[in-house]
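**Q** Quick one: the structure is below, questions incoming.
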Amino acid sequence: MLSRSAERLYWLARYIERTENIAKLVSVYMNLLMDLPKGVEMGWQQLVRINGSEQEFYEKHKIPNERNITRFLLADASYPGSLFSSLSAARENIRTSRELLPDEAWEQVNEMYLFTKGNLDTVSNRRSRVLFLKEILKGCQRFTGLLSGYMSHNHPYRFIRLGRNLERADMTSRILDLASLLLADSRSDELRQYETILWMNILTALNALLMYRQHVRSRVKGDDVLNFLLLDTNLPRSVRCCLMEISDCINQLPNPDALPQRLSELENYVQAIDTHQTTQLQLRAILDDLQNKLGALHGQIADNWFLRAAAE
Amino acid sequence: MKSIWENYKTEHAYDELMHSEYQPRPVSYSLCQYLNSLKKTDIDKRKIAAELAIMEMGISFTVYSDEGNIDRAWPFDIIPRIMDAKEWKLIEKGLKQRLTALNCFISDVYSEQAFIKDGKIPSETINSSKNFRKECVGMKPRHNVWANICGTDLVRDKDGIMYVLEDNLRVPSGVSYMLENRVITKRVFPELLQGIDILPIDDYPTQLQDMLSSIAPHQNSKPQIVVLTPGIYNSAYFEHAYLAQQIGAQLVEGGDLVVKDDDCVYMRTIEGLEKVDVIYRRIDDDFLDPEVFRKDSALGVRGLMRAWKAGNVALANAPGAGVADDKVVYAYVPEMIRYYLNEEPILPNVPTYLCSNKEHLDYVLEHLAELVVKPANESGGYGMLVGPHATAKQVEAFRQVIKADPRNYIGQPTLSISTAPTLCKGKLEPRHIDLRPFILQGEHTFVTAGGLTRVALKKGSLVVNSSQGGGSKDTWIINMEGH
């Protein structure tokens with residue numbers, strides 16, 4: 001397999017996962033706002049904050065209201081972190097890797113892209129936004145499903161899994177970030193009262209509510225949720241599960257060199273996080289640190305498989 | 001209700017489907033009957049469905065413009081072009097004959113040069129050809145085949161005879177559109193295809209793969225085949241990616257390949273360097289190897305010619321094969337068939353006047369307003385004069401261009417090329433078409449059943465190139481026996 005192809009498939013998977021995550025995040029946030037009573041202050045700006053894109057947002061918009069934030073996150077072609085930009089980048093990567101994937105994969109991404117491009121204006125309106133996001137989530141799932149069912153689980157597939165899980169781990173940590181941000185921000189008793197609703201929505205954002213109930217078998221509590229989303233070994237979107245997937249791929253790919261060692265260090269680090277003992281501030285520092293470590297892991301993967309050719 | 005055939009004029013050219021306004025030819029009888037059974041709105045719906053399918057399948061080609069490169073959807077006309085299998089069998093035979101002779105000629109040019117020595121072609125014609133590569137002299141590609149993949153352009157004149165317009169032996173494109181056109185037709189007219197005995201075309205990728213395997217330098221193991229593309233900004237990138245996927249080959253760019261000191265070609269993979277046996281290259285000779293050809297080429301692979309000459313890698317088409325893809329050399333193909341194969345040509349050439357010949361030049365200059373004049377080495381329909389469609393001023397300007405460089409120009413009578421019904425604003429109108437079948441030659445020779453029909457979508461236009469307002473049609477070769 002060409003190093004260049006490996007890199008493109010890896011990024012394809014990251015961008016598709018990112019597209020799905022943005023869609024999920026925005027739709028869950030809308031839900032959360034509808035659940036909370038009017039008096040409870042919770043702004044849309046948090047969504048921009050967890051992506052570290054506040055500066056970029058305020059260069060373009062004055063007011064962080066629902067309309068501006070959702071347009072920025074979903075439809076802004078000049079903001080590289082938007083859903084539309086992610087999907088465009090995914091399409092560009094798959095367009096240049098068609099020889100490695102089933103036909104349907106390209107058609108699926110292309111259709112999604114054309115749909116998004118044709119519906120960018122609908123995201124301002126809440127009702128049409130709901131439909132839009134639903135369509136995107138369906139499309140991403142279809143893409144993942146057809147690769148799993150139609151594609152040989154070979155090296156190209158492993159690079160796709162690698163990209164997907166790295167992006168997923170990163171997003172899970174950002175969603176946890178969001179939760180702690182909301183709780184730390186608004187210390188009013190009123191929001192405290194609705195903490196359970198907040199955590200339930202966080203679980204929903206990661207498709208984990210049902211699994212959480214079956215697994216934890218108690219009412220939804222912040223510490224338990226954090227613990228579950230970081231450390232559960234069965235939930236596909238828990239950070240630990242993502243790392244296990246990554247580790248599995250790395251060990252089956254040729255010449256992983258120092259990567260297995262690096263990965264087990266990272267897994268140990270995650271397992272040592274004790275959510276019951278940390279304050280919200282400490283937790284945010286830990287999640288920040290985790291995101292940096294995931295960034296470093298990406299660099300090591302790129303050095304090992306994508307850039308190696310250039311050095312020869 | 002007005003008929004979609006109303007005022008369908010067939011008197012200016014041979015129409016492939018219709019004898020006259022209301023009289024279909026036998027091959028198109030079923031199609032016409034079917035079309036007449038549809039309401040106008042139904043036909044519009046099918047057209048929209050086809051356009052949607054093209055968008056979703058992402059069938060595109062790149063157009064270069066000042067505003068940057070635009071990826072355009074492939075213009076497709078849903079009404080197929082039809083030909084009787086009986087006629088096609090003969091054309092197929094003619095195409096095989098022609099490519100076999102062309103390959104004999106190329107081999108000869110790079111070895112004995114008997115064709116020149118026997119006075120069949122002036123040696124200046126070869127020596128002055130841009131596509132004659134002296135670096136290739138003495139090479140012996142496998143099976144003595146230099147042009148493995150050929151796209152031959154055929155047109156039918158008013159007399160009903162199919163002529164060969166040109167042989168594309170460098171990097172002919174279009175076969176992916178031929179294949180995709182059939183896929184779209186199957187989606188749009190599923191009920192129609194059931195009742196008609198159309199020869200299938202979808203074995204092309206398998207044939208291509210077999211041919212490429214058959215030219216591998218070592219026949220002992222499964223050869224590593226790659227498709228070499230100039231990259232995403234090339235107008236045919238869609239096709240490169242499509243073909244690579246269809247034949248299960250890696251799609252590589254110049255930067256992915258490297259030639260080591262052992263004169264072997266390797267590709268850069270996640271497992272390190274891996275040896276490459278066969279390269280289906282979609283890059284022109286000029287850009288193939290900066291060590292030998294253009295020094296500034298960033299698309300090619302340094303040392304590729306070394307590896308090829310050492311016999312460590314096969315290139316399809318072989319470098320230098322373009323020497324026979326020259327509109328002056330074209331004029332000599334019928335003679336090649338007689339000389340190398342001792343046969344009479346099955347497919348005729350269009351009569352051609354060579355401006356390098358004093359008498360021919362005088363004739364061309366006298367009859368500029370009636371002739372089509374083409375440069376010897378351009379493709380894509382650029383740099384040519386269509387006399388009857390040009391203004392007096394354009395004709396005079398072209399006269400000077402020819403005089404300055406006569407070797408580089410040929411003249412041909414303006415053919416009244418055939419038409420086929422094409423959907424234009426909900427009505428059928430005749431539009432001019434040509435046909436590009438694809439021929440593969442390695443250990444065996446294979447011809448696609450039909451080929452790519454290109455159509456000039458502008459009324460009266462004779463230019464079918466997609467870069468200049470052309471579109472395409474699905475091509476049906478119909479087996480009429482037993483019907």
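Every chain in the structure tokens takes a letter, A first, then B, and so on in the order presented; its residues are numbered from 1, and the ligands are numbered from 1 following the presented order.
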Starting from chain A, keep only residues with some atom at most 8 Å from an atom of chain B, counting only C-alpha atoms, and report them as a ChimeraX atom specification.
**A** /A:1-4,6,96-101,106-107,110-111,114,254-255,305-306,308-309
**Q** Write the residues of the selection above to a file with N, CA and C atoms, as a short mmCIF file (atom, residue, chain, number, x, y, z; two decimals), in the first residue's frame.
**A**
data_model
loop_
_atom_site.label_atom_id
_atom_site.label_comp_id
_atom_site.auth_asym_id
_atom_site.auth_seq_id
_atom_site.Cartn_x
_atom_site.Cartn_y
_atom_site.Cartn_z
N MET A 1 0.84 -1.20 0.00
CA MET A 1 0.00 0.00 0.00
C MET A 1 0.87 1.25 0.00
N LEU A 2 0.52 2.22 -0.88
CA LEU A 2 1.30 3.45 -0.97
C LEU A 2 1.18 4.26 0.31
N SER A 3 2.29 4.87 0.71
CA SER A 3 2.26 5.73 1.89
C SER A 3 1.27 6.88 1.68
N ARG A 4 1.27 7.41 0.45
CA ARG A 4 0.37 8.52 0.17
C ARG A 4 -1.10 8.10 0.31
N ALA A 6 -2.20 5.66 2.18
CA ALA A 6 -2.46 5.43 3.60
C ALA A 6 -2.84 6.75 4.27
N THR A 96 -9.31 10.95 -4.39
CA THR A 96 -7.95 10.58 -4.78
C THR A 96 -7.58 9.20 -4.25
N SER A 97 -8.53 8.46 -3.71
CA SER A 97 -8.22 7.10 -3.21
C SER A 97 -9.25 6.11 -3.69
N ARG A 98 -9.94 6.44 -4.77
CA ARG A 98 -11.04 5.57 -5.20
C ARG A 98 -10.61 4.16 -5.50
N GLU A 99 -9.35 3.98 -5.91
CA GLU A 99 -8.92 2.64 -6.32
C GLU A 99 -8.84 1.69 -5.14
N LEU A 100 -8.92 2.21 -3.91
CA LEU A 100 -8.78 1.34 -2.74
C LEU A 100 -10.11 1.00 -2.08
N LEU A 101 -11.16 1.64 -2.54
CA LEU A 101 -12.43 1.52 -1.82
C LEU A 101 -13.54 1.01 -2.74
N TRP A 106 -17.39 5.93 -2.47
CA TRP A 106 -17.24 7.23 -3.14
C TRP A 106 -18.61 7.85 -3.39
N GLU A 107 -19.55 7.04 -3.88
CA GLU A 107 -20.86 7.60 -4.18
C GLU A 107 -21.54 8.14 -2.93
N ASN A 110 -19.88 11.42 -1.97
CA ASN A 110 -20.22 12.42 -2.97
C ASN A 110 -21.67 12.88 -2.84
N GLU A 111 -22.56 11.93 -2.62
CA GLU A 111 -23.97 12.28 -2.43
C GLU A 111 -24.15 13.18 -1.22
N LEU A 114 -22.96 16.63 -2.03
CA LEU A 114 -23.90 17.37 -2.89
C LEU A 114 -25.14 17.79 -2.10
N PRO A 254 2.40 -3.01 9.19
CA PRO A 254 3.83 -3.34 9.11
C PRO A 254 4.71 -2.28 9.78
N ASN A 255 5.80 -2.72 10.34
CA ASN A 255 6.81 -1.85 10.96
C ASN A 255 6.24 -0.77 11.90
N TRP A 305 4.41 6.17 9.09
CA TRP A 305 3.91 5.58 7.85
C TRP A 305 3.75 6.54 6.68
N PHE A 306 3.51 7.81 6.96
CA PHE A 306 3.21 8.71 5.85
C PHE A 306 4.46 9.42 5.35
N ARG A 308 7.64 8.52 6.00
CA ARG A 308 8.81 7.66 5.88
C ARG A 308 9.39 7.66 4.47
N ALA A 309 8.48 7.59 3.47
CA ALA A 309 8.92 7.49 2.08
C ALA A 309 9.80 8.68 1.69
#
**Q** Please build the interface table for range 143-262 of chain B against range 7-26 of chain B with a cut-off of 12 Å, listing for each qualifying residue the nearest atom pair and the distance in Å to one decimal; count only C-alpha atoms, order rows by chain and increasing number, and write it as JSON lines.
**A**
{"residue": "B:Val155", "atom": "CA", "partner": "B:Tyr14", "partner_atom": "CA", "distance": 10.6}
{"residue": "B:Arg156", "atom": "CA", "partner": "B:Tyr14", "partner_atom": "CA", "distance": 7.5}
{"residue": "B:Asp157", "atom": "CA", "partner": "B:Tyr14", "partner_atom": "CA", "distance": 6.8}
{"residue": "B:Lys158", "atom": "CA", "partner": "B:Tyr14", "partner_atom": "CA", "distance": 5.0}
{"residue": "B:Asp159", "atom": "CA", "partner": "B:Tyr14", "partner_atom": "CA", "distance": 7.4}
{"residue": "B:Gly160", "atom": "CA", "partner": "B:Tyr14", "partner_atom": "CA", "distance": 6.3}
{"residue": "B:Ile161", "atom": "CA", "partner": "B:Tyr14", "partner_atom": "CA", "distance": 9.5}
{"residue": "B:Met162", "atom": "CA", "partner": "B:Tyr14", "partner_atom": "CA", "distance": 10.9}
**Q** Convert the current residue selection to file output with N, CA and C atoms, as a PDB file, in the first residue's frame.
**A**
ATOM      1  N   VAL B 155     -15.564   8.014 -38.255  1.00  0.00           N
ATOM      2  CA  VAL B 155     -16.721   8.847 -38.621  1.00  0.00           C
ATOM      3  C   VAL B 155     -17.371   8.247 -39.863  1.00  0.00           C
ATOM      4  N   ARG B 156     -18.674   8.466 -39.970  1.00  0.00           N
ATOM      5  CA  ARG B 156     -19.386   7.976 -41.154  1.00  0.00           C
ATOM      6  C   ARG B 156     -19.745   9.172 -42.025  1.00  0.00           C
ATOM      7  N   ASP B 157     -19.391   9.081 -43.301  1.00  0.00           N
ATOM      8  CA  ASP B 157     -19.684  10.186 -44.221  1.00  0.00           C
ATOM      9  C   ASP B 157     -21.074   9.989 -44.822  1.00  0.00           C
ATOM     10  N   LYS B 158     -21.469  10.960 -45.630  1.00  0.00           N
ATOM     11  CA  LYS B 158     -22.795  10.929 -46.251  1.00  0.00           C
ATOM     12  C   LYS B 158     -23.023   9.653 -47.061  1.00  0.00           C
ATOM     13  N   ASP B 159     -21.930   9.099 -47.620  1.00  0.00           N
ATOM     14  CA  ASP B 159     -22.037   7.878 -48.421  1.00  0.00           C
ATOM     15  C   ASP B 159     -22.288   6.633 -47.565  1.00  0.00           C
ATOM     16  N   GLY B 160     -22.346   6.791 -46.244  1.00  0.00           N
ATOM     17  CA  GLY B 160     -22.623   5.649 -45.375  1.00  0.00           C
ATOM     18  C   GLY B 160     -21.392   4.850 -45.013  1.00  0.00           C
ATOM     19  N   ILE B 161     -20.240   5.256 -45.522  1.00  0.00           N
ATOM     20  CA  ILE B 161     -19.014   4.495 -45.249  1.00  0.00           C
ATOM     21  C   ILE B 161     -18.337   5.032 -43.993  1.00  0.00           C
ATOM     22  N   MET B 162     -17.841   4.104 -43.166  1.00  0.00           N
ATOM     23  CA  MET B 162     -17.097   4.478 -41.964  1.00  0.00           C
ATOM     24  C   MET B 162     -15.641   4.712 -42.333  1.00  0.00           C
TER      25      MET B 162
END
**Q** Would you mind listing what lies within 12 Å of Thr278 in chain A as a compact mmCIF listing (two decimals) with N, CA and C atoms, in the first residue's frame, with only C-alpha atoms counted and same-chain residues fewer than 3 positions away left out?
**A**
# COMPACT_ATOMS: atom_id res chain seq x y z
N SER A 180 -17.86 19.84 31.53
CA SER A 180 -17.25 20.46 32.70
C SER A 180 -17.28 21.98 32.58
N GLY A 222 -22.68 12.75 37.42
CA GLY A 222 -21.53 13.29 36.71
C GLY A 222 -20.29 12.41 36.77
N ASP A 223 -19.87 12.05 37.97
CA ASP A 223 -18.62 11.29 38.12
C ASP A 223 -18.70 9.97 37.36
N LEU A 226 -18.51 10.48 33.56
CA LEU A 226 -17.13 10.75 33.15
C LEU A 226 -16.32 9.46 33.12
N ASN A 227 -16.46 8.73 34.18
CA ASN A 227 -15.75 7.48 34.32
C ASN A 227 -16.08 6.53 33.18
N ALA A 272 -5.30 5.78 34.57
CA ALA A 272 -4.96 6.33 35.88
C ALA A 272 -5.79 7.56 36.22
N ILE A 273 -6.58 8.05 35.26
CA ILE A 273 -7.40 9.24 35.57
C ILE A 273 -8.48 8.85 36.57
N ASP A 274 -8.52 9.58 37.67
CA ASP A 274 -9.51 9.27 38.69
C ASP A 274 -10.55 10.38 38.73
N THR A 275 -11.71 10.12 38.14
CA THR A 275 -12.72 11.17 38.02
C THR A 275 -13.36 11.52 39.36
N LEU A 281 -11.89 21.98 37.63
CA LEU A 281 -10.74 22.66 37.04
C LEU A 281 -9.64 21.68 36.69
N GLN A 282 -9.39 20.76 37.63
CA GLN A 282 -8.37 19.73 37.38
C GLN A 282 -8.76 18.87 36.18
N LEU A 283 -10.05 18.57 36.13
CA LEU A 283 -10.52 17.72 35.04
C LEU A 283 -10.26 18.39 33.69
N ARG A 284 -10.52 19.68 33.65
CA ARG A 284 -10.30 20.37 32.38
C ARG A 284 -8.83 20.32 31.98
N ALA A 285 -7.96 20.43 32.97
CA ALA A 285 -6.52 20.36 32.69
C ALA A 285 -6.16 18.97 32.17
N ILE A 286 -6.76 17.95 32.79
CA ILE A 286 -6.48 16.57 32.36
C ILE A 286 -6.93 16.35 30.92
N LEU A 287 -8.14 16.85 30.61
CA LEU A 287 -8.66 16.65 29.26
C LEU A 287 -7.82 17.40 28.23
**Q** Per DSSP on the backbone, filter range 46-145 of chain A down to the residues in alpha helix (DSSP H) and report them as a PyMOL selection string.
**A** chain A and resi 46-49+54-60+66-70+83-95+103-118+126-145
**Q** Between B:Glu180, B:Asp284, B:Glu124, B:Asp434, which one has atoms that come closest to Pro230 in chain B, using only C-alpha atoms?
**A**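 Among the listed residues, B:Asp284 lies closest to Pro230 in chain B.
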**Q** Could you give me, as a list of chain:residue names, the residues within 9 Å of range 228-242 of chain A, counting only C-alpha atoms and dropping anything in the same chain fewer than 6 positions from it?
**A** A:Leu162, A:Arg164, A:Asn165, A:Leu166, A:Arg168, A:Ala169, A:Asp170, A:Thr172, A:Ser173, A:Leu176, A:Leu203, A:Leu206, A:Asn207, A:Ala208, A:Met211, A:Tyr212, A:His215, A:Val216, A:Glu267, A:Val270, A:Gln271, A:Ile273
**Q** Selected residues, N, CA and C atoms, written as a compact mmCIF listing (two decimals), in the first residue's frame, please.
**A**
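Once written, part-v7.txt looks like this:
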# COMPACT_ATOMS: atom_id res chain seq x y z
N LEU A 162 -7.87 3.60 12.07
CA LEU A 162 -6.91 4.40 12.83
C LEU A 162 -7.37 5.87 12.87
N ARG A 164 -10.33 7.12 12.19
CA ARG A 164 -11.64 7.27 12.81
C ARG A 164 -11.52 7.30 14.33
N ASN A 165 -10.74 6.37 14.88
CA ASN A 165 -10.69 6.27 16.33
C ASN A 165 -9.88 7.38 16.98
N LEU A 166 -8.89 7.87 16.28
CA LEU A 166 -8.14 8.98 16.83
C LEU A 166 -9.03 10.23 16.89
N ARG A 168 -12.25 10.20 17.00
CA ARG A 168 -13.32 9.93 17.94
C ARG A 168 -12.88 10.18 19.37
N ALA A 169 -11.69 9.69 19.71
CA ALA A 169 -11.16 9.89 21.06
C ALA A 169 -11.03 11.37 21.34
N ASP A 170 -10.55 12.09 20.36
CA ASP A 170 -10.38 13.52 20.51
C ASP A 170 -11.73 14.19 20.76
N THR A 172 -14.55 12.81 21.88
CA THR A 172 -15.11 12.44 23.18
C THR A 172 -14.50 13.31 24.28
N SER A 173 -13.21 13.52 24.21
CA SER A 173 -12.59 14.35 25.23
C SER A 173 -13.11 15.78 25.15
N LEU A 176 -16.56 15.93 26.77
CA LEU A 176 -16.44 15.93 28.22
C LEU A 176 -16.00 17.32 28.71
N LEU A 203 -24.37 11.94 27.36
CA LEU A 203 -24.38 10.51 27.01
C LEU A 203 -25.02 10.30 25.63
N LEU A 206 -22.87 10.90 22.67
CA LEU A 206 -21.91 9.83 22.38
C LEU A 206 -22.61 8.48 22.23
N ASN A 207 -23.89 8.53 21.96
CA ASN A 207 -24.69 7.31 21.79
C ASN A 207 -24.51 6.33 22.94
N ALA A 208 -24.47 6.85 24.17
CA ALA A 208 -24.07 6.00 25.28
C ALA A 208 -25.11 5.89 26.38
N MET A 211 -26.41 2.24 27.01
CA MET A 211 -25.32 1.41 27.53
C MET A 211 -24.96 1.80 28.97
N TYR A 212 -25.03 3.09 29.20
CA TYR A 212 -24.73 3.57 30.55
C TYR A 212 -25.73 3.01 31.55
N HIS A 215 -25.12 -0.56 32.16
CA HIS A 215 -23.83 -0.82 32.78
C HIS A 215 -23.77 -0.30 34.21
N VAL A 216 -24.21 0.92 34.42
CA VAL A 216 -24.04 1.55 35.74
C VAL A 216 -25.22 1.25 36.66
N GLU A 267 -2.39 4.49 27.11
CA GLU A 267 -3.48 3.73 27.73
C GLU A 267 -3.35 3.74 29.25
N VAL A 270 -4.51 7.08 30.64
CA VAL A 270 -5.97 7.24 30.69
C VAL A 270 -6.56 6.44 31.85
N GLN A 271 -6.04 5.23 32.01
CA GLN A 271 -6.59 4.39 33.08
C GLN A 271 -6.34 4.98 34.46
N ILE A 273 -6.58 8.05 35.26
CA ILE A 273 -7.40 9.24 35.57
C ILE A 273 -8.48 8.85 36.57
**Q** So that I can check the surroundings of Gly470 in chain B, please list as a PyMOL selection string every protein, DNA and RNA residue that reaches within 9 Å of it, counting only C-alpha atoms and ignoring chain neighbours fewer than 2 positions away.
**A** chain B and resi 75+454-458+463-468+472
**Q** Would you mind listing what lies within 10 Å of Asn21 in chain A as a ChimeraX atom specification, with only C-alpha atoms counted and same-chain residues fewer than 2 positions away left out?
**A** /A:15-19,23-27,83,137,140,167-168,171-172,175,205-206
**Q** Generate the output file for the selected residues, C-alpha atoms, as a PDB file, in the first residue's frame.
**A**
ATOM      1  CA  TYR A  15     -12.943  14.026   8.274  1.00  0.00           C
ATOM      2  CA  ILE A  16     -15.980  11.756   8.042  1.00  0.00           C
ATOM      3  CA  GLU A  17     -15.840  11.144  11.777  1.00  0.00           C
ATOM      4  CA  ARG A  18     -15.476  14.880  12.379  1.00  0.00           C
ATOM      5  CA  THR A  19     -18.473  15.571  10.132  1.00  0.00           C
ATOM      6  CA  ALA A  23     -23.621  17.063  13.441  1.00  0.00           C
ATOM      7  CA  LYS A  24     -24.146  15.080  16.607  1.00  0.00           C
ATOM      8  CA  LEU A  25     -22.850  17.831  18.836  1.00  0.00           C
ATOM      9  CA  VAL A  26     -25.078  20.511  17.343  1.00  0.00           C
ATOM     10  CA  SER A  27     -28.174  18.333  17.429  1.00  0.00           C
ATOM     11  CA  LEU A  83     -19.049  20.472   8.950  1.00  0.00           C
ATOM     12  CA  LEU A 137     -25.773  11.414  10.610  1.00  0.00           C
ATOM     13  CA  CYS A 140     -21.993   8.948   7.917  1.00  0.00           C
ATOM     14  CA  GLU A 167     -10.690  11.590  15.783  1.00  0.00           C
ATOM     15  CA  ARG A 168     -13.325   9.927  17.936  1.00  0.00           C
ATOM     16  CA  MET A 171     -14.053  14.428  20.121  1.00  0.00           C
ATOM     17  CA  THR A 172     -15.107  12.439  23.178  1.00  0.00           C
ATOM     18  CA  ILE A 175     -17.490  16.704  24.659  1.00  0.00           C
ATOM     19  CA  ALA A 205     -24.155  12.860  22.161  1.00  0.00           C
ATOM     20  CA  LEU A 206     -21.905   9.830  22.379  1.00  0.00           C
TER      21      LEU A 206
END
**Q** With only C-alpha atoms as the counted atoms, please give the residues lying no more than 9 Å from Asn304 in chain A, apart from itself and same-chain residues fewer than 5 positions off, as a list in words.
**A**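 Here the qualifying residues turn out to be Asn255, Pro256, Asp257, Ala258, Leu259 and Gly299 of chain A; Ile270 of chain B.
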